[in-house]
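Peer 1: My structure file structure.pdb, PDB, C-alpha atoms, is below:
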```pdb
ATOM      1  CA  MET I  79       0.000   0.000   0.000
ATOM      2  CA  SER I  80       1.376   3.418  -0.949
ATOM      3  CA  ARG I  81       1.734   6.267   1.537
ATOM      4  CA  THR I  82      -1.113   8.077  -0.154
ATOM      5  CA  GLU I  83      -3.396   5.069   0.273
ATOM      6  CA  GLU I  84      -2.318   4.575   3.901
ATOM      7  CA  PHE I  85      -2.975   8.217   4.698
ATOM      8  CA  THR I  86      -6.321   8.267   2.898
ATOM      9  CA  ALA I  87      -7.500   5.244   4.889
ATOM     10  CA  LEU I  88      -6.538   6.912   8.184
ATOM     11  CA  ARG I  89      -7.695  10.412   7.327
ATOM     12  CA  PRO I  90     -11.140  10.060   9.026
ATOM     13  CA  LEU I  91      -9.460   9.011  12.283
ATOM     14  CA  LEU I  92      -6.923  11.840  12.090
ATOM     15  CA  PHE I  93      -9.666  14.404  11.533
ATOM     16  CA  ALA I  94     -11.736  12.952  14.384
ATOM     17  CA  ILE I  95      -8.777  13.252  16.780
ATOM     18  CA  ALA I  96      -7.930  16.789  15.699
ATOM     19  CA  TYR I  97     -11.542  18.006  15.832
ATOM     20  CA  ARG I  98     -12.042  16.769  19.384
ATOM     21  CA  ILE I  99      -8.839  18.449  20.517
ATOM     22  CA  LEU I 100      -9.522  21.712  18.690
ATOM     23  CA  GLY I 101     -13.316  22.057  18.445
ATOM     24  CA  SER I 102     -12.836  23.565  14.996
ATOM     25  CA  VAL I 103     -13.530  21.927  11.646
ATOM     26  CA  ALA I 104     -11.261  24.321   9.739
ATOM     27  CA  GLU I 105      -8.359  23.963  12.169
ATOM     28  CA  ALA I 106      -8.777  20.174  12.259
ATOM     29  CA  GLU I 107      -8.664  20.005   8.469
ATOM     30  CA  ASP I 108      -5.529  22.179   8.483
ATOM     31  CA  ALA I 109      -3.930  19.880  11.070
ATOM     32  CA  VAL I 110      -4.682  16.824   8.940
ATOM     33  CA  GLN I 111      -3.242  18.483   5.841
ATOM     34  CA  GLU I 112      -0.077  19.446   7.728
ATOM     35  CA  THR I 113       0.196  15.851   8.945
ATOM     36  CA  TRP I 114       0.153  14.642   5.351
ATOM     37  CA  LEU I 115       2.856  17.110   4.312
ATOM     38  CA  ARG I 116       5.093  15.960   7.160
ATOM     39  CA  TYR I 117       4.443  12.298   6.390
ATOM     40  CA  GLU I 118       5.090  12.813   2.697
ATOM     41  CA  ALA I 119       8.416  14.533   3.445
ATOM     42  CA  SER I 120       9.502  12.051   6.135
ATOM     43  CA  THR I 121      12.084   9.341   5.487
ATOM     44  CA  THR I 122      10.809   7.385   8.503
ATOM     45  CA  GLU I 123       9.150   4.024   7.888
ATOM     46  CA  PRO I 124       7.018   3.657  11.014
ATOM     47  CA  VAL I 125       6.238   0.267  12.519
ATOM     48  CA  SER I 126       2.631   1.428  12.945
ATOM     49  CA  VAL I 127       1.465   4.047  10.466
ATOM     50  CA  LYS I 128      -1.687   4.609  12.534
ATOM     51  CA  SER I 129       0.295   5.362  15.708
ATOM     52  CA  PHE I 130       2.777   7.518  13.834
ATOM     53  CA  LEU I 131       0.197   9.674  12.052
ATOM     54  CA  SER I 132      -1.995   9.935  15.155
ATOM     55  CA  ALA I 133       1.013  11.215  17.091
ATOM     56  CA  VAL I 134       1.838  13.787  14.416
ATOM     57  CA  VAL I 135      -1.704  15.161  14.152
ATOM     58  CA  THR I 136      -1.985  15.266  17.961
ATOM     59  CA  ARG I 137       1.157  17.359  18.329
ATOM     60  CA  ILE I 138       0.028  19.733  15.608
ATOM     61  CA  ALA I 139      -3.401  20.043  17.254
ATOM     62  CA  ILE I 140      -1.851  20.748  20.674
ATOM     63  CA  ASP I 141       0.283  23.549  19.227
ATOM     64  CA  THR I 142      -2.721  24.972  17.379
ATOM     65  CA  LEU I 143      -4.894  24.810  20.496
ATOM     66  CA  ARG I 144      -2.366  26.728  22.565
ATOM     67  CA  SER I 145      -2.455  29.652  20.151
ATOM     68  CA  ALA I 146      -6.223  29.366  19.629
ATOM     69  CA  ARG I 147      -6.861  29.704  23.351
ATOM     70  CA  VAL I 148      -5.330  33.179  23.327
ATOM     71  CA  ARG I 149      -7.866  34.211  20.670
ATOM     72  CA  ARG I 150     -10.737  32.586  22.541
ATOM     73  CA  GLU I 151      -9.928  34.605  25.667
ATOM     74  CA  VAL I 152     -10.970  37.783  23.843
ATOM     75  CA  TYR I 153     -13.868  36.201  21.937
ATOM     76  CA  VAL I 154     -17.057  38.269  22.112
ATOM     77  CA  GLY I 155     -19.886  36.373  23.803
ATOM     78  CA  PRO I 156     -20.178  32.604  24.348
ATOM     79  CA  TRP I 157     -17.745  30.450  22.373
ATOM     80  CA  PHE I 158     -19.051  27.186  20.880
ATOM     81  CA  PRO I 159     -17.249  24.602  18.746
ATOM     82  CA  GLU I 160     -17.785  24.710  15.001
ATOM     83  CA  PRO I 161     -20.807  22.502  14.262
ATOM     84  CA  LEU I 162     -20.072  19.072  12.811
ATOM     85  CA  LEU I 163     -22.872  17.468  10.820
ATOM     86  CA  THR I 164     -21.137  14.163  10.055
ATOM     87  CA  ASP I 165     -18.271  12.561  11.936
ATOM     88  CA  PRO I 166     -16.181  10.851   9.223
ATOM     89  CA  TYR I 167     -14.790   8.236  11.621
ATOM     90  CA  ALA I 168     -16.801   5.241  12.816
ATOM     91  CA  ASP I 169     -15.817   2.381  15.117
ATOM     92  CA  PRO I 170     -18.643   0.060  16.236
ATOM     93  CA  GLU I 171     -16.652  -1.013  19.299
ATOM     94  CA  ARG I 172     -16.338   2.582  20.530
ATOM     95  CA  SER I 173     -19.553   4.084  19.185
ATOM     96  CA  ALA I 174     -20.735   5.287  22.608
ATOM     97  CA  GLU I 175     -17.452   7.043  23.397
ATOM     98  CA  LEU I 176     -17.346   8.620  19.947
ATOM     99  CA  ALA I 177     -20.916   9.923  20.178
ATOM    100  CA  ASP I 178     -20.504  11.329  23.697
ATOM    101  CA  SER I 179     -17.175  12.980  22.935
ATOM    102  CA  VAL I 180     -18.361  14.902  19.876
ATOM    103  CA  SER I 181     -21.414  16.550  21.468
ATOM    104  CA  MET I 182     -21.136  20.292  21.963
ATOM    105  CA  ALA I 183     -21.641  19.888  25.690
ATOM    106  CA  ALA I 184     -18.682  17.473  25.915
ATOM    107  CA  LEU I 185     -16.471  19.645  23.701
ATOM    108  CA  LEU I 186     -17.220  22.653  25.902
ATOM    109  CA  LEU I 187     -16.241  20.579  28.926
ATOM    110  CA  LEU I 188     -13.015  19.504  27.202
ATOM    111  CA  GLU I 189     -12.297  23.184  26.633
ATOM    112  CA  ARG I 190     -11.655  23.524  30.371
ATOM    113  CA  LEU I 191      -8.781  21.028  30.278
ATOM    114  CA  SER I 192      -5.194  21.943  29.517
ATOM    115  CA  PRO I 193      -4.070  21.106  25.960
ATOM    116  CA  LEU I 194      -2.081  18.096  27.211
ATOM    117  CA  GLU I 195      -4.942  16.802  29.364
ATOM    118  CA  ARG I 196      -7.313  17.217  26.468
ATOM    119  CA  ALA I 197      -5.047  15.340  24.054
ATOM    120  CA  VAL I 198      -4.430  12.507  26.505
ATOM    121  CA  PHE I 199      -8.139  12.164  27.261
ATOM    122  CA  VAL I 200      -9.084  12.119  23.577
ATOM    123  CA  LEU I 201      -6.474   9.544  22.620
ATOM    124  CA  ARG I 202      -6.957   7.272  25.638
ATOM    125  CA  GLU I 203     -10.609   7.558  26.639
ATOM    126  CA  VAL I 204     -12.238   8.273  23.277
ATOM    127  CA  PHE I 205     -10.099   6.309  20.837
ATOM    128  CA  GLY I 206      -8.605   3.674  23.159
ATOM    129  CA  PHE I 207      -4.916   4.171  22.390
ATOM    130  CA  GLY I 208      -2.464   2.425  24.697
ATOM    131  CA  PHE I 209      -0.510   4.546  27.144
ATOM    132  CA  ASP I 210       2.691   3.798  25.221
ATOM    133  CA  GLU I 211       1.126   5.335  22.106
ATOM    134  CA  VAL I 212      -0.296   8.268  24.068
ATOM    135  CA  ALA I 213       3.100   8.935  25.656
ATOM    136  CA  ALA I 214       4.786   8.951  22.264
ATOM    137  CA  ALA I 215       2.145  11.284  20.848
ATOM    138  CA  VAL I 216       2.380  13.944  23.568
ATOM    139  CA  GLU I 217       6.096  13.363  24.254
ATOM    140  CA  ARG I 218       5.689  12.641  27.937
ATOM    141  CA  SER I 219       6.398   9.540  30.027
ATOM    142  CA  GLU I 220       3.730   6.874  30.436
ATOM    143  CA  ALA I 221       3.568   7.675  34.165
ATOM    144  CA  ALA I 222       2.945  11.355  33.420
ATOM    145  CA  CYS I 223       0.257  10.426  30.882
ATOM    146  CA  ARG I 224      -1.501   8.218  33.398
ATOM    147  CA  GLN I 225      -1.631  11.153  35.816
ATOM    148  CA  LEU I 226      -2.896  13.458  33.085
ATOM    149  CA  ALA I 227      -5.552  10.897  32.183
ATOM    150  CA  VAL I 228      -6.703  10.580  35.798
ATOM    151  CA  ARG I 229      -7.061  14.359  36.172
ATOM    152  CA  ALA I 230      -8.848  14.717  32.851
ATOM    153  CA  ARG I 231     -11.178  11.786  33.536
ATOM    154  CA  ARG I 232     -12.064  13.122  36.986
ATOM    155  CA  HIS I 233     -12.892  16.535  35.588
ATOM    156  CA  MET I 234     -14.941  15.113  32.723
ATOM    157  CA  GLU I 235     -16.884  12.767  34.995
ATOM    158  CA  GLN I 236     -17.762  15.603  37.381
ATOM    159  CA  GLY I 237     -19.334  17.662  34.625
ATOM    160  CA  ARG I 238     -20.113  14.978  32.043
ATOM    161  CA  PRO I 239     -23.236  15.924  30.091
ATOM    162  CA  ARG I 240     -26.117  13.467  30.284
ATOM    163  CA  PHE I 241     -28.489  12.776  27.421
ATOM    164  CA  ASP I 242     -31.451  10.464  26.945
ATOM    165  CA  ALA I 243     -30.071   7.137  25.781
ATOM    166  CA  ASP I 244     -32.793   6.391  23.239
ATOM    167  CA  ARG I 245     -31.783   8.163  20.032
ATOM    168  CA  ARG I 246     -35.175   7.613  18.401
ATOM    169  CA  GLU I 247     -37.001   9.282  21.290
ATOM    170  CA  ARG I 248     -34.648  12.265  21.129
ATOM    171  CA  GLU I 249     -35.235  12.606  17.393
ATOM    172  CA  GLU I 250     -39.006  12.366  17.832
ATOM    173  CA  LEU I 251     -38.942  15.092  20.486
ATOM    174  CA  ALA I 252     -36.768  17.244  18.219
ATOM    175  CA  THR I 253     -39.236  16.780  15.362
ATOM    176  CA  ARG I 254     -42.085  17.930  17.612
ATOM    177  CA  PHE I 255     -39.980  20.915  18.704
ATOM    178  CA  PHE I 256     -39.174  22.033  15.157
ATOM    179  CA  ASP I 257     -42.789  21.522  14.066
ATOM    180  CA  ALA I 258     -43.933  23.743  16.939
ATOM    181  CA  LEU I 259     -41.202  26.247  16.063
ATOM    182  CA  ARG I 260     -42.400  26.493  12.456
ATOM    183  CA  ASP I 261     -45.977  26.973  13.668
ATOM    184  CA  GLY I 262     -44.987  29.545  16.290
ATOM    185  CA  ASP I 263     -46.838  27.378  18.828
ATOM    186  CA  VAL I 264     -45.803  28.808  22.219
ATOM    187  CA  ASP I 265     -47.790  26.269  24.251
ATOM    188  CA  GLY I 266     -46.479  23.379  22.157
ATOM    189  CA  LEU I 267     -42.912  24.590  22.623
ATOM    190  CA  THR I 268     -43.313  25.162  26.346
ATOM    191  CA  GLU I 269     -44.391  21.592  27.058
ATOM    192  CA  LEU I 270     -41.248  20.250  25.350
ATOM    193  CA  LEU I 271     -38.851  22.388  27.379
ATOM    194  CA  ALA I 272     -37.355  21.699  30.801
ATOM    195  CA  ALA I 273     -38.390  24.228  33.427
ATOM    196  CA  ASP I 274     -34.836  25.629  33.598
ATOM    197  CA  VAL I 275     -34.055  25.343  29.879
ATOM    198  CA  GLN I 276     -31.427  27.716  28.506
ATOM    199  CA  ALA I 277     -31.099  29.237  25.035
ATOM    200  CA  VAL I 278     -27.558  30.380  24.276
ATOM    201  CA  ALA I 279     -26.035  31.712  21.042
ATOM    202  CA  ASP I 280     -22.551  32.134  19.596
ATOM    203  CA  GLY I 281     -22.421  35.117  17.268
ATOM    204  CA  GLY I 282     -18.836  36.173  17.919
ATOM    205  CA  ASP I 283     -19.895  39.778  17.295
ATOM    206  CA  LYS I 284     -20.215  38.812  13.603
ATOM    207  CA  GLY I 285     -23.829  37.664  13.501
ATOM    208  CA  PRO I 286     -27.085  38.649  15.246
ATOM    209  CA  ALA I 287     -27.212  36.634  18.459
ATOM    210  CA  LEU I 288     -28.435  36.722  22.021
ATOM    211  CA  THR I 289     -26.225  38.905  24.203
ATOM    212  CA  ARG I 290     -26.877  36.650  27.210
ATOM    213  CA  PRO I 291     -28.582  33.304  27.901
ATOM    214  CA  VAL I 292     -32.374  33.224  28.046
ATOM    215  CA  VAL I 293     -33.524  30.948  30.885
ATOM    216  CA  GLY I 294     -36.856  29.314  31.700
ATOM    217  CA  ALA I 295     -39.444  27.502  29.601
ATOM    218  CA  PRO I 296     -41.935  30.383  29.142
ATOM    219  CA  ARG I 297     -39.251  32.895  28.109
ATOM    220  CA  VAL I 298     -37.460  30.488  25.778
ATOM    221  CA  ALA I 299     -40.740  29.380  24.170
ATOM    222  CA  ARG I 300     -41.720  33.006  23.480
ATOM    223  CA  LEU I 301     -38.232  33.710  22.124
ATOM    224  CA  VAL I 302     -38.339  30.746  19.738
ATOM    225  CA  ALA I 303     -41.894  31.460  18.608
ATOM    226  CA  GLY I 304     -41.013  35.113  18.073
ATOM    227  CA  PHE I 305     -38.056  34.140  15.934
ATOM    228  CA  ALA I 306     -40.256  31.828  13.865
ATOM    229  CA  SER I 307     -42.762  34.612  13.273
ATOM    230  CA  LEU I 308     -40.017  37.057  12.322
ATOM    231  CA  ALA I 309     -38.238  34.634   9.982
ATOM    232  CA  GLN I 310     -41.315  33.128   8.310
ATOM    233  CA  GLY I 311     -40.797  32.982   4.563
ATOM    234  CA  LEU I 312     -37.150  34.015   4.903
ATOM    235  CA  VAL I 313     -35.586  31.074   6.719
ATOM    236  CA  ASP I 314     -36.151  27.344   6.331
ATOM    237  CA  VAL I 315     -35.491  24.950   9.225
ATOM    238  CA  GLU I 316     -33.735  21.794   7.987
ATOM    239  CA  GLN I 317     -33.716  19.181  10.741
ATOM    240  CA  HIS I 318     -30.335  17.496  11.022
ATOM    241  CA  ARG I 319     -28.117  15.803  13.578
ATOM    242  CA  VAL I 320     -25.470  18.263  14.770
ATOM    243  CA  ASN I 321     -22.475  16.933  16.709
ATOM    244  CA  ASP I 322     -24.404  13.665  17.019
ATOM    245  CA  GLN I 323     -27.282  15.412  18.817
ATOM    246  CA  PRO I 324     -30.714  16.470  17.512
ATOM    247  CA  GLY I 325     -30.479  19.797  15.732
ATOM    248  CA  ALA I 326     -31.130  21.780  12.590
ATOM    249  CA  VAL I 327     -29.488  23.918   9.958
ATOM    250  CA  LEU I 328     -31.278  27.158   9.134
ATOM    251  CA  ARG I 329     -31.084  28.256   5.485
ATOM    252  CA  ASP I 330     -32.330  31.234   3.524
ATOM    253  CA  ALA I 331     -34.456  31.020   0.361
ATOM    254  CA  ASP I 332     -31.336  30.399  -1.744
ATOM    255  CA  GLY I 333     -30.131  27.567   0.488
ATOM    256  CA  ALA I 334     -27.328  29.561   2.135
ATOM    257  CA  VAL I 335     -26.643  28.758   5.792
ATOM    258  CA  VAL I 336     -28.001  31.259   8.318
ATOM    259  CA  ALA I 337     -27.324  29.405  11.584
ATOM    260  CA  GLU I 338     -27.362  26.000  13.218
ATOM    261  CA  LEU I 339     -29.202  24.785  16.276
ATOM    262  CA  VAL I 340     -28.427  21.842  18.549
ATOM    263  CA  LEU I 341     -30.641  20.479  21.327
ATOM    264  CA  ASP I 342     -29.584  18.748  24.552
ATOM    265  CA  VAL I 343     -32.358  16.335  25.574
ATOM    266  CA  LEU I 344     -32.678  14.732  29.005
ATOM    267  CA  GLU I 345     -35.619  13.035  30.709
ATOM    268  CA  GLY I 346     -37.885  13.741  27.758
ATOM    269  CA  ARG I 347     -37.333  17.503  27.819
ATOM    270  CA  ILE I 348     -35.032  19.925  26.021
ATOM    271  CA  GLN I 349     -32.459  21.187  28.512
ATOM    272  CA  THR I 350     -30.355  23.494  26.320
ATOM    273  CA  ILE I 351     -30.732  25.113  22.896
ATOM    274  CA  ARG I 352     -27.416  26.197  21.434
ATOM    275  CA  SER I 353     -27.145  28.172  18.224
ATOM    276  CA  VAL I 354     -24.136  29.189  16.164
ATOM    277  CA  VAL I 355     -24.607  32.336  14.086
ATOM    278  CA  ASN I 356     -20.968  33.371  13.653
ATOM    279  CA  PRO I 357     -20.500  33.081   9.859
ATOM    280  CA  ASP I 358     -16.836  32.085  10.282
ATOM    281  CA  LYS I 359     -17.996  28.885  11.990
ATOM    282  CA  LEU I 360     -20.531  28.022   9.295
ATOM    283  CA  GLU I 361     -18.443  28.311   6.134
ATOM    284  CA  HIS I 362     -17.627  24.587   6.031
ATOM    285  CA  LEU I 363     -21.361  23.857   5.746
ATOM    286  CA  GLY I 364     -21.673  25.718   2.442
ATOM    287  CA  PRO I 365     -22.399  29.289   1.297
ATOM    288  CA  VAL I 366     -23.286  31.497   4.274
ATOM    289  CA  ALA I 367     -26.172  33.968   4.227
ATOM    290  CA  ASP I 368     -25.978  37.541   5.473
ATOM    291  CA  ALA I 369     -27.872  37.089   8.736
ATOM    292  CA  TRP I 370     -27.816  40.810   9.493
ATOM    293  CA  GLN I 371     -29.524  41.548   6.179
ATOM    294  CA  LEU I 372     -32.116  38.839   6.785
ATOM    295  CA  ARG I 373     -32.919  40.311  10.180
ATOM    296  CA  ALA I 374     -33.301  43.764   8.653
ATOM    297  CA  GLN I 375     -35.672  42.354   6.020
ATOM    298  CA  ALA I 376     -37.715  40.585   8.683
ATOM    299  CA  GLN I 377     -37.946  43.709  10.833
ATOM    300  CA  ALA I 378     -38.904  45.833   7.817
ATOM    301  CA  ARG I 379     -41.861  43.524   7.095
ATOM    302  CA  ARG I 380     -43.207  44.108  10.594
ATOM    303  CA  ARG I 381     -43.143  47.902  10.473
ATOM    304  CA  PRO I 382     -46.551  49.617  10.494
ATOM    305  CA  GLY I 383     -47.947  50.174   7.034
ATOM    306  CA  ARG I 384     -46.128  47.264   5.477
TER     307      ARG I 384
END
```
Translate the structure described by the file into structure tokens.
Peer 2:
Amino acid sequence: MSRTEEFTALRPLLFAIAYRILGSVAEAEDAVQETWLRYEASTTEPVSVKSFLSAVVTRIAIDTLRSARVRREVYVGPWFPEPLLTDPYADPERSAELADSVSMAALLLLERLSPLERAVFVLREVFGFGFDEVAAAVERSEAACRQLAVRARRHMEQGRPRFDADRREREELATRFFDALRDGDVDGLTELLAADVQAVADGGDKGPALTRPVVGAPRVARLVAGFASLAQGLVDVEQHRVNDQPGAVLRDADGAVVAELVLDVLEGRIQTIRSVVNPDKLEHLGPVADAWQLRAQAQARRRPGR
């Protein structure tokens, strides 16, 4: 098998590792591309190509994360990972770990770890690498990696997000939610929301978004219904799994992406509604609409005399 074929076969895994460390589709893709360039230029013939390439992409991701964190410290408003519609890597033996680790709630929890803790947790707990491979990837001793793994695991377990286990039930609830959203049905929305539900948005000061979380079923239901009324005829809600959770992509009349929504569901109720409106985080989904212009059009329609 040629190097190109070996790399192509492992590319989904490399992207999956990098995305979980970075929380960014664009940065993960860049890390994978840089891994290929280094592999192509290397004279090394690794015993395990998988271990070798995983180590390279991990180191690149750690370096990228360290610089990205400086930018995130001055980010305007809540910061969310870039939405991922389809995880390219699948492993039936680790499907639960993969699904849990790619949710926005889990990625936000990972964001609290140090870059090394995050990398060790992703390699060991999510993808099941041996501590010898983890140690080689992060260039630390196995003993140090075990300590990093313990700290990371403890932190993740303390705040680990919980979701309803039955995927079909979550999808059915999401369908009811988006149907009620399209209808502007405040009562229908309210009964699907947890009492302390939160609606939070990431606009990054580049898209129209909530300036602070909206909390409580009645307030969130009115907010969602009001948005539906405002956007009727301008925005289409396309139900879709987002980061392996129920969600939707919002598109304008031309099919350009306006925003994405993702729902956290627990005990038969929606606990959190997260939306990403920052256009920089939506570019990988396709052409991005001008959300500011759409909002202006919607507001203009509601002015008296129109």
Peer 1: Show me a table, sorted first by chain and then by increasing residue number, of the residues of range 147-206 of chain I having an atom at most 10 Å from range 351-370 of chain I, each with its shortest atom pair and the distance in Å to one decimal, counting all atoms listed in the file and written as JSON lines.
Peer 2:
```
{"residue": "I:Pro156", "atom": "CA", "partner": "I:Val354", "partner_atom": "CA", "distance": 9.7}
{"residue": "I:Trp157", "atom": "CA", "partner": "I:Val354", "partner_atom": "CA", "distance": 9.0}
{"residue": "I:Phe158", "atom": "CA", "partner": "I:Val354", "partner_atom": "CA", "distance": 7.2}
{"residue": "I:Pro159", "atom": "CA", "partner": "I:Lys359", "partner_atom": "CA", "distance": 8.0}
{"residue": "I:Glu160", "atom": "CA", "partner": "I:Lys359", "partner_atom": "CA", "distance": 5.2}
{"residue": "I:Pro161", "atom": "CA", "partner": "I:Lys359", "partner_atom": "CA", "distance": 7.3}
{"residue": "I:Leu162", "atom": "CA", "partner": "I:Leu363", "partner_atom": "CA", "distance": 8.6}
{"residue": "I:Leu163", "atom": "CA", "partner": "I:Leu363", "partner_atom": "CA", "distance": 8.3}
{"residue": "I:Met182", "atom": "CA", "partner": "I:Arg352", "partner_atom": "CA", "distance": 8.6}
{"residue": "I:Ala183", "atom": "CA", "partner": "I:Arg352", "partner_atom": "CA", "distance": 9.6}
```
Peer 1: As JSON, please: the centre and edge lengths in Å, to one decimal, of an axis-aligned box enclosing every listed atom of range 232-245 of chain I with 3 Å added on each side.
Peer 2:
```
{"center_x": -22.4, "center_y": 12.0, "center_z": 28.7, "size_x": 26.7, "size_y": 17.3, "size_z": 23.3}
```
Peer 1: Using only C-alpha atoms, which of the listed residues (I:Gly311, I:Pro296, I:Gly262, I:Gly208) sits closest to Val275 in chain I?
Peer 2: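 Counting only C-alpha atoms, the residue closest to Val275 in chain I is I:Pro296.
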Peer 1: Enter the distance from CA of Ala213 in chain I to CA of Ala133 in chain I, in Å, rounded to one decimal.
Peer 2: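 Taking CA of Ala213 in chain I as the start and CA of Ala133 in chain I as the end point, the length is 9.1 Å.
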Peer 1: Enumerate, in order of chain and increasing residue number, the residues of range 279-377 of chain I with an atom no farther than 8 Å from range 149-155 of chain I, each with its shortest atom pair and distance in Å to one decimal, counting only C-alpha atoms, as a Markdown table.
Peer 2:
```
| residue | atom | partner | partner_atom | distance |
| --- | --- | --- | --- | --- |
| I:Asp280 | CA | I:Gly155 | CA | 6.5 |
| I:Gly281 | CA | I:Gly155 | CA | 7.1 |
| I:Gly282 | CA | I:Val154 | CA | 5.0 |
| I:Asp283 | CA | I:Val154 | CA | 5.8 |
| I:Thr289 | CA | I:Gly155 | CA | 6.8 |
| I:Arg290 | CA | I:Gly155 | CA | 7.8 |
```
Peer 1: Please write as a PDB file with C-alpha atoms, in the coordinates of the input the full residue list that the PyMOL selection byres ((chain I and resi 293) around 12) yields on this file.
Peer 2:
```
ATOM      1  CA  LEU I 271     -38.851  22.388  27.379  1.00  0.00           C
ATOM      2  CA  ALA I 272     -37.355  21.699  30.801  1.00  0.00           C
ATOM      3  CA  ALA I 273     -38.390  24.228  33.427  1.00  0.00           C
ATOM      4  CA  ASP I 274     -34.836  25.629  33.598  1.00  0.00           C
ATOM      5  CA  VAL I 275     -34.055  25.343  29.879  1.00  0.00           C
ATOM      6  CA  GLN I 276     -31.427  27.716  28.506  1.00  0.00           C
ATOM      7  CA  ALA I 277     -31.099  29.237  25.035  1.00  0.00           C
ATOM      8  CA  VAL I 278     -27.558  30.380  24.276  1.00  0.00           C
ATOM      9  CA  LEU I 288     -28.435  36.722  22.021  1.00  0.00           C
ATOM     10  CA  ARG I 290     -26.877  36.650  27.210  1.00  0.00           C
ATOM     11  CA  PRO I 291     -28.582  33.304  27.901  1.00  0.00           C
ATOM     12  CA  VAL I 292     -32.374  33.224  28.046  1.00  0.00           C
ATOM     13  CA  GLY I 294     -36.856  29.314  31.700  1.00  0.00           C
ATOM     14  CA  ALA I 295     -39.444  27.502  29.601  1.00  0.00           C
ATOM     15  CA  PRO I 296     -41.935  30.383  29.142  1.00  0.00           C
ATOM     16  CA  ARG I 297     -39.251  32.895  28.109  1.00  0.00           C
ATOM     17  CA  VAL I 298     -37.460  30.488  25.778  1.00  0.00           C
ATOM     18  CA  ALA I 299     -40.740  29.380  24.170  1.00  0.00           C
ATOM     19  CA  ARG I 300     -41.720  33.006  23.480  1.00  0.00           C
ATOM     20  CA  LEU I 301     -38.232  33.710  22.124  1.00  0.00           C
ATOM     21  CA  GLN I 349     -32.459  21.187  28.512  1.00  0.00           C
ATOM     22  CA  THR I 350     -30.355  23.494  26.320  1.00  0.00           C
ATOM     23  CA  ILE I 351     -30.732  25.113  22.896  1.00  0.00           C
TER      24      ILE I 351
END
```
Peer 1: Counting all atoms listed in the file, which residue out of I:Ala177, I:Ala119, I:Ala94, I:Val103 sits closest to Ala243 in chain I?
Peer 2: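 Answer, going by the shortest atom-to-atom distance: I:Ala177.
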Peer 1: Between CA of Thr113 in chain I and CA of Ser173 in chain I, what is the distance in Å, rounded to a tenth?
Peer 2: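 CA of Ser173 in chain I lies 25.2 Å from CA of Thr113 in chain I.
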Peer 1: On this structure, the PyMOL selection byres ((chain I and resi 199) around 10) would catch which residues? List them as a list of chain:residue names, sorted by chain and number.
Peer 2: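 That selection, the PyMOL selection byres ((chain I and resi 199) around 10), comes back as I:Arg98, I:Ile99, I:Leu188, I:Leu191, I:Pro193, I:Leu194, I:Glu195, I:Arg196, I:Ala197, I:Val198, I:Val200, I:Leu201, I:Arg202, I:Glu203, I:Val204, I:Phe205, I:Gly206, I:Phe207, I:Val212, I:Cys223, I:Arg224, I:Leu226, I:Ala227, I:Val228, I:Arg229, I:Ala230, I:Arg231, I:Met234.
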Peer 1: In Å, rounded to a single decimal, give me how far CA of Arg172 in chain I is from CA of Phe130 in chain I.
Peer 2: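 Those two atoms sit 20.8 Å apart.
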Peer 1: Between I:Asp210, I:Thr121, I:Asn321, I:Ala326, which residue has the minimum interatomic distance to Leu259 in chain I, considering all atoms listed in the file?
Peer 2: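 Checking each candidate against Leu259 in chain I, we get I:Ala326 as the closest.
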Peer 1: Restricting the calculation to all atoms listed in the file, which member of I:Arg319, I:Arg347, I:Lys284, I:Arg218 is positioned closest to Arg254 in chain I?
Peer 2: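 For Arg254 in chain I, the nearest of the candidates is I:Arg347.
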Peer 1: Choose the residue, out of I:Val315, I:Val127, I:Leu185, I:Ala139, that has the smallest atom-to-atom separation from Glu211 in chain I; count all atoms listed in the file.
Peer 2: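 Closest to Glu211 in chain I, using all atoms listed in the file: I:Val127.
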Peer 1: I'd like the contact shell of Phe241 in chain I - 7 Å cut-off, only C-alpha atoms, skipping same-chain residues fewer than 6 positions apart - returned as a list in words.
Peer 2: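 So, after excluding close chain neighbours, the residues are Asp342, Val343 and Leu344 of chain I.
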Peer 1: Under the PyMOL selection byres ((chain I and resi 261) around 12), which residues of this model are included? Write them out as a list in words.
Peer 2: Arg254, Phe255, Phe256, Asp257, Ala258, Leu259, Arg260, Gly262, Asp263, Val264, Asp265, Gly266, Leu267, Ala299, Val302, Ala303, Gly304, Phe305, Ala306, Ser307, Leu308, Ala309, Gln310 and Val315 of chain I
Peer 1: Find, counting all atoms listed in the file, the residue in I:Ala287, I:Ile138, I:Val216, I:Met79 that gets nearest to Asp108 in chain I.
Peer 2: I:Ile138
